[in-house]
Amino acid sequence: MNKNRQQQLGTYLLATIESPYTMWVFINIIVWSLGLYVIALSIRFLGLVGAPIGTALAGIIIGGGQAWALRHLLPIDPRRWIQHSVIGTILGVLPIGLLFLWILLVAIIGLNSVLFILGGIFGGTLGGIQSRLLQPIIHEQIGWWIVINVIAGAVCAPLSLTGTTFWLPVFCSLGPLSFGLLTAGMLRYILRHLDVPLNDAT
């Protein structure tokens with residue numbers, strides 16, 4: 001009886017070792033470890049330029065290993081699997097890279113400067129999208145709307161996110177107020193200088 005159990009256990013262990021799922025687990029341990037080392041070493045020796053290079057190489061390593069393991073389970077095209085793995089790895093690492101860049105920039109130029117830049121980008125993006133709706137109405141003056149949104153966003157972000165005390169909500173800071181005042185002032189300027197005035201808009 002004891003011998004039969006040993007034989008059954010041996011058969012089970014052998015089947016587990018030979019299983020393509022076990023192979024998948026081991027391959028993933030290896031390729032993810034190698035991939036992370038490649039990213040770390042690329043950044044270590046190449047700096048920030050090494051981040052996308054290392055990430056792409058990691059995607060190739062991970063995708064290649066997975067494709068090799070999957071050949072026992074699914075009829076996949078290994079090249080396409082690797083291509084998709086590279087794209088997925090780059091997109092997956094992007095938020096981590098942005099967070100790392102945020103921390104690095106804060107350490108170099110300070111939190112307020114980073115918020116100033118990001119606020120300007122946000123404001124410019126918002127104003128640019130809004131300008132599509134305003135274009136037929138204010139025509140040549142449209143550029144001023146984008147410019148003021150860049151400025152307002154750059155001013156608003158540090159005031160909103162670092163300008164409150166005692167854990168007060170954002171609306172208690174000068175950020176939203178400054179954004180409203182700056183954009184309102186520009187709207188007034190634009191409407192006063194239209195080639196074809198609107199019906200007493202100002």
# chains A, B, ... in the order shown; residues from 1 in each chain; ligands from 1
>>> residues_around(residues="range 89-103 of chain A", least_positions_apart="4", cutoff="6 Å", atoms="only C-alpha atoms", output="PyMOL selection string")
chain A and resi 55+59+85
>>> residues_around(residues="Leu126 in chain A", least_positions_apart="4", cutoff="9 Å", atoms="only C-alpha atoms", output="PyMOL selection string")
chain A and resi 121-122+130-131+146+149-150
>>> select_by_dssp(residues="chain A", states="alpha helix (DSSP H)", output="PyMOL selection string")
chain A and resi 2-18+20-46+50-70+78-109+111-138+142-162+175-192
>>> residues_around(residues="Ala67 in chain A", least_positions_apart="2", cutoff="10 Å", atoms="only C-alpha atoms", output="JSON list (two decimals) with N, CA and C atoms, in the first residue's frame")
[["chain", "number", "residue", "atom", "x", "y", "z"],
["A", 24, "TRP", "N", 5.15, 27.08, -17.94],
["A", 24, "TRP", "CA", 4.74, 28.49, -18.04],
["A", 24, "TRP", "C", 5.15, 29.27, -16.79],
["A", 27, "ILE", "N", 9.03, 29.58, -16.70],
["A", 27, "ILE", "CA", 9.49, 30.50, -17.73],
["A", 27, "ILE", "C", 9.19, 31.94, -17.32],
["A", 61, "ILE", "N", 12.20, 39.90, -24.16],
["A", 61, "ILE", "CA", 12.56, 38.74, -23.33],
["A", 61, "ILE", "C", 11.32, 38.04, -22.79],
["A", 62, "ILE", "N", 10.41, 38.85, -22.23],
["A", 62, "ILE", "CA", 9.19, 38.28, -21.64],
["A", 62, "ILE", "C", 8.33, 37.63, -22.71],
["A", 63, "GLY", "N", 8.11, 38.36, -23.80],
["A", 63, "GLY", "CA", 7.28, 37.83, -24.88],
["A", 63, "GLY", "C", 7.88, 36.60, -25.52],
["A", 64, "GLY", "N", 9.21, 36.60, -25.69],
["A", 64, "GLY", "CA", 9.88, 35.45, -26.29],
["A", 64, "GLY", "C", 9.77, 34.22, -25.42],
["A", 65, "GLY", "N", 10.01, 34.39, -24.12],
["A", 65, "GLY", "CA", 9.89, 33.25, -23.20],
["A", 65, "GLY", "C", 8.48, 32.72, -23.13],
["A", 69, "ALA", "N", 6.90, 29.01, -24.20],
["A", 69, "ALA", "CA", 6.12, 28.15, -23.30],
["A", 69, "ALA", "C", 4.72, 27.89, -23.85],
["A", 70, "LEU", "N", 4.14, 28.89, -24.51],
["A", 70, "LEU", "CA", 2.77, 28.76, -24.99],
["A", 70, "LEU", "C", 2.64, 27.83, -26.19],
["A", 71, "ARG", "N", 3.74, 27.52, -26.83],
["A", 71, "ARG", "CA", 3.66, 26.68, -28.03],
["A", 71, "ARG", "C", 3.07, 25.31, -27.71],
["A", 72, "HIS", "N", 3.12, 24.90, -26.45],
["A", 72, "HIS", "CA", 2.54, 23.61, -26.03],
["A", 72, "HIS", "C", 1.05, 23.73, -25.70],
["A", 73, "LEU", "N", 0.56, 24.97, -25.62],
["A", 73, "LEU", "CA", -0.82, 25.18, -25.19],
["A", 73, "LEU", "C", -1.72, 25.79, -26.26],
["A", 74, "LEU", "N", -1.18, 26.75, -27.02],
["A", 74, "LEU", "CA", -2.00, 27.49, -27.96],
["A", 74, "LEU", "C", -1.29, 27.63, -29.30],
["A", 75, "PRO", "N", -2.06, 27.67, -30.39],
["A", 75, "PRO", "CA", -1.45, 27.87, -31.72],
["A", 75, "PRO", "C", -1.22, 29.36, -32.00],
["A", 76, "ILE", "N", -0.23, 29.94, -31.31],
["A", 76, "ILE", "CA", 0.03, 31.37, -31.47],
["A", 76, "ILE", "C", 1.15, 31.62, -32.47],
["A", 77, "ASP", "N", 1.18, 32.84, -33.00],
["A", 77, "ASP", "CA", 2.29, 33.29, -33.83],
["A", 77, "ASP", "C", 3.31, 33.92, -32.88],
["A", 78, "PRO", "N", 4.47, 33.29, -32.69],
["A", 78, "PRO", "CA", 5.44, 33.80, -31.72],
["A", 78, "PRO", "C", 5.87, 35.24, -31.98],
["A", 79, "ARG", "N", 6.05, 35.62, -33.24],
["A", 79, "ARG", "CA", 6.48, 36.99, -33.54],
["A", 79, "ARG", "C", 5.44, 38.00, -33.11],
["A", 80, "ARG", "N", 4.18, 37.71, -33.41],
["A", 80, "ARG", "CA", 3.11, 38.63, -33.01],
["A", 80, "ARG", "C", 2.97, 38.68, -31.49],
["A", 81, "TRP", "N", 3.16, 37.55, -30.83],
["A", 81, "TRP", "CA", 3.09, 37.53, -29.37],
["A", 81, "TRP", "C", 4.18, 38.42, -28.78],
["A", 82, "ILE", "N", 5.39, 38.34, -29.35],
["A", 82, "ILE", "CA", 6.50, 39.17, -28.88],
["A", 82, "ILE", "C", 6.20, 40.64, -29.15],
["A", 85, "SER", "N", 3.69, 41.82, -26.76],
["A", 85, "SER", "CA", 4.29, 41.86, -25.42],
["A", 85, "SER", "C", 5.16, 43.10, -25.24]]
>>> closest_residue(among="A:Ala157, A:Val31, A:Leu57, A:Leu118", to="Leu174 in chain A", atoms="only C-alpha atoms")
A:Ala157
>>> residues_around(residues="Ile129 in chain A", least_positions_apart="3", cutoff="12 Å", atoms="only C-alpha atoms", output="list in words")
Phe122, Gly123, Gly124, Thr125, Leu126, Arg132, Leu133, Leu134, Gln135, Ile142, Gly143, Trp145, Ile146 and Asn149 of chain A
>>> write_last_selection(atoms="N, CA, C and O atoms", output="CSV table (one decimal), in the first residue's frame")
chain,number,residue,atom,x,y,z
A,122,PHE,N,-1.8,70.9,-18.5
A,122,PHE,CA,-3.2,70.6,-18.4
A,122,PHE,C,-4.0,71.7,-18.9
A,122,PHE,O,-5.0,71.5,-19.7
A,123,GLY,N,-3.7,72.9,-18.5
A,123,GLY,CA,-4.5,74.1,-18.9
A,123,GLY,C,-4.4,74.3,-20.4
A,123,GLY,O,-5.5,74.6,-21.1
A,124,GLY,N,-3.3,74.1,-21.0
A,124,GLY,CA,-3.1,74.2,-22.5
A,124,GLY,C,-3.9,73.2,-23.2
A,124,GLY,O,-4.5,73.5,-24.2
A,125,THR,N,-3.9,72.0,-22.7
A,125,THR,CA,-4.7,70.9,-23.3
A,125,THR,C,-6.2,71.2,-23.2
A,125,THR,O,-6.9,71.0,-24.2
A,126,LEU,N,-6.6,71.6,-22.0
A,126,LEU,CA,-8.0,71.9,-21.9
A,126,LEU,C,-8.5,73.1,-22.8
A,126,LEU,O,-9.4,73.0,-23.5
A,132,ARG,N,-11.7,74.5,-30.0
A,132,ARG,CA,-12.4,74.0,-31.2
A,132,ARG,C,-13.9,74.4,-31.3
A,132,ARG,O,-14.4,74.7,-32.3
A,133,LEU,N,-14.5,74.6,-30.1
A,133,LEU,CA,-15.9,75.1,-30.0
A,133,LEU,C,-15.9,76.6,-30.1
A,133,LEU,O,-16.9,77.1,-30.7
A,134,LEU,N,-14.9,77.3,-29.6
A,134,LEU,CA,-14.9,78.7,-29.7
A,134,LEU,C,-14.4,79.3,-31.0
A,134,LEU,O,-14.7,80.4,-31.3
A,135,GLN,N,-13.7,78.5,-31.8
A,135,GLN,CA,-13.1,79.0,-33.1
A,135,GLN,C,-14.2,79.7,-34.0
A,135,GLN,O,-13.9,80.8,-34.5
A,142,ILE,N,-8.7,83.3,-31.0
A,142,ILE,CA,-8.7,82.0,-30.4
A,142,ILE,C,-7.3,81.6,-29.7
A,142,ILE,O,-7.3,81.0,-28.6
A,143,GLY,N,-6.2,82.1,-30.2
A,143,GLY,CA,-4.9,81.8,-29.6
A,143,GLY,C,-4.8,82.3,-28.2
A,143,GLY,O,-4.2,81.7,-27.4
A,145,TRP,N,-7.1,82.4,-26.0
A,145,TRP,CA,-7.8,81.5,-25.1
A,145,TRP,C,-6.9,80.4,-24.6
A,145,TRP,O,-6.9,80.0,-23.5
A,146,ILE,N,-6.1,79.9,-25.6
A,146,ILE,CA,-5.2,78.8,-25.3
A,146,ILE,C,-4.1,79.3,-24.4
A,146,ILE,O,-3.7,78.7,-23.4
A,149,ASN,N,-5.2,79.9,-20.8
A,149,ASN,CA,-5.4,78.6,-20.1
A,149,ASN,C,-4.1,77.9,-19.7
A,149,ASN,O,-4.1,77.3,-18.6
>>> atom_distance(atom1="CA of Trp144 in chain A", atom2="CA of Ile109 in chain A")
28.5 Å
>>> residues_around(residues="Leu115 in chain A", least_positions_apart="6", cutoff="10 Å", atoms="only C-alpha atoms", output="MDAnalysis selection string")
chainID A and resid 102 106 121 153:162
>>> write_last_selection(atoms="C-alpha atoms", output="short mmCIF file (atom, residue, chain, number, x, y, z; two decimals), in the first residue's frame")
data_model
loop_
_atom_site.label_atom_id
_atom_site.label_comp_id
_atom_site.auth_asym_id
_atom_site.auth_seq_id
_atom_site.Cartn_x
_atom_site.Cartn_y
_atom_site.Cartn_z
CA TRP A 102 7.66 63.01 -11.16
CA VAL A 106 10.44 67.09 -7.62
CA ILE A 121 0.24 71.43 -19.76
CA GLY A 153 -3.32 76.20 -15.27
CA ALA A 154 0.32 76.87 -14.38
CA VAL A 155 -0.72 79.32 -11.64
CA CYS A 156 -3.67 77.27 -10.39
CA ALA A 157 -1.94 73.91 -9.88
CA PRO A 158 0.63 74.90 -7.23
CA LEU A 159 -1.85 77.18 -5.48
CA SER A 160 -4.49 74.41 -5.41
CA LEU A 161 -2.32 71.49 -4.37
CA THR A 162 0.12 73.19 -2.00
#
>>> atom_distance(atom1="CA of Phe45 in chain A", atom2="CA of Ile87 in chain A")
23.1 Å
>>> closest_residue(among="A:Leu46, A:Ile29, A:Ile108, A:Ala152", to="Ser178 in chain A", atoms="only C-alpha atoms")
A:Ala152
>>> atom_distance(atom1="CA of Ala51 in chain A", atom2="CA of Val114 in chain A")
20.6 Å
>>> closest_residue(among="A:Gly128, A:Thr16, A:Pro136, A:Gly119", to="Ile151 in chain A", atoms="only C-alpha atoms")
A:Gly119
>>> residues_around(residues="Gly54 in chain A", least_positions_apart="4", cutoff="8 Å", atoms="only C-alpha atoms", output="PyMOL selection string")
chain A and resi 35+38-43+50+58
>>> write_last_selection(atoms="N, CA, C and O atoms", output="short mmCIF file (atom, residue, chain, number, x, y, z; two decimals), in the first residue's frame")
data_model
loop_
_atom_site.label_atom_id
_atom_site.label_comp_id
_atom_site.auth_asym_id
_atom_site.auth_seq_id
_atom_site.Cartn_x
_atom_site.Cartn_y
_atom_site.Cartn_z
N GLY A 35 13.94 40.38 -17.32
CA GLY A 35 13.40 41.63 -17.85
C GLY A 35 13.60 42.79 -16.90
O GLY A 35 14.01 43.89 -17.30
N VAL A 38 17.18 43.80 -16.82
CA VAL A 38 17.55 44.54 -18.03
C VAL A 38 17.11 46.00 -17.92
O VAL A 38 17.86 46.92 -18.27
N ILE A 39 15.89 46.23 -17.43
CA ILE A 39 15.41 47.61 -17.25
C ILE A 39 16.30 48.36 -16.26
O ILE A 39 16.74 49.49 -16.52
N ALA A 40 16.58 47.72 -15.12
CA ALA A 40 17.40 48.36 -14.09
C ALA A 40 18.81 48.67 -14.60
O ALA A 40 19.33 49.77 -14.39
N LEU A 41 19.42 47.71 -15.30
CA LEU A 41 20.78 47.92 -15.82
C LEU A 41 20.80 48.97 -16.93
O LEU A 41 21.75 49.76 -17.03
N SER A 42 19.77 48.99 -17.76
CA SER A 42 19.71 49.98 -18.82
C SER A 42 19.63 51.39 -18.25
O SER A 42 20.31 52.30 -18.73
N ILE A 43 18.80 51.57 -17.21
CA ILE A 43 18.71 52.88 -16.57
C ILE A 43 20.01 53.22 -15.86
O ILE A 43 20.47 54.36 -15.89
N GLY A 50 17.89 55.01 -21.13
CA GLY A 50 17.87 53.56 -21.00
C GLY A 50 16.52 53.00 -20.61
O GLY A 50 16.27 51.81 -20.80
N ALA A 58 13.03 44.22 -22.33
CA ALA A 58 12.30 43.37 -21.37
C ALA A 58 11.07 42.76 -22.02
O ALA A 58 10.76 41.58 -21.82
#
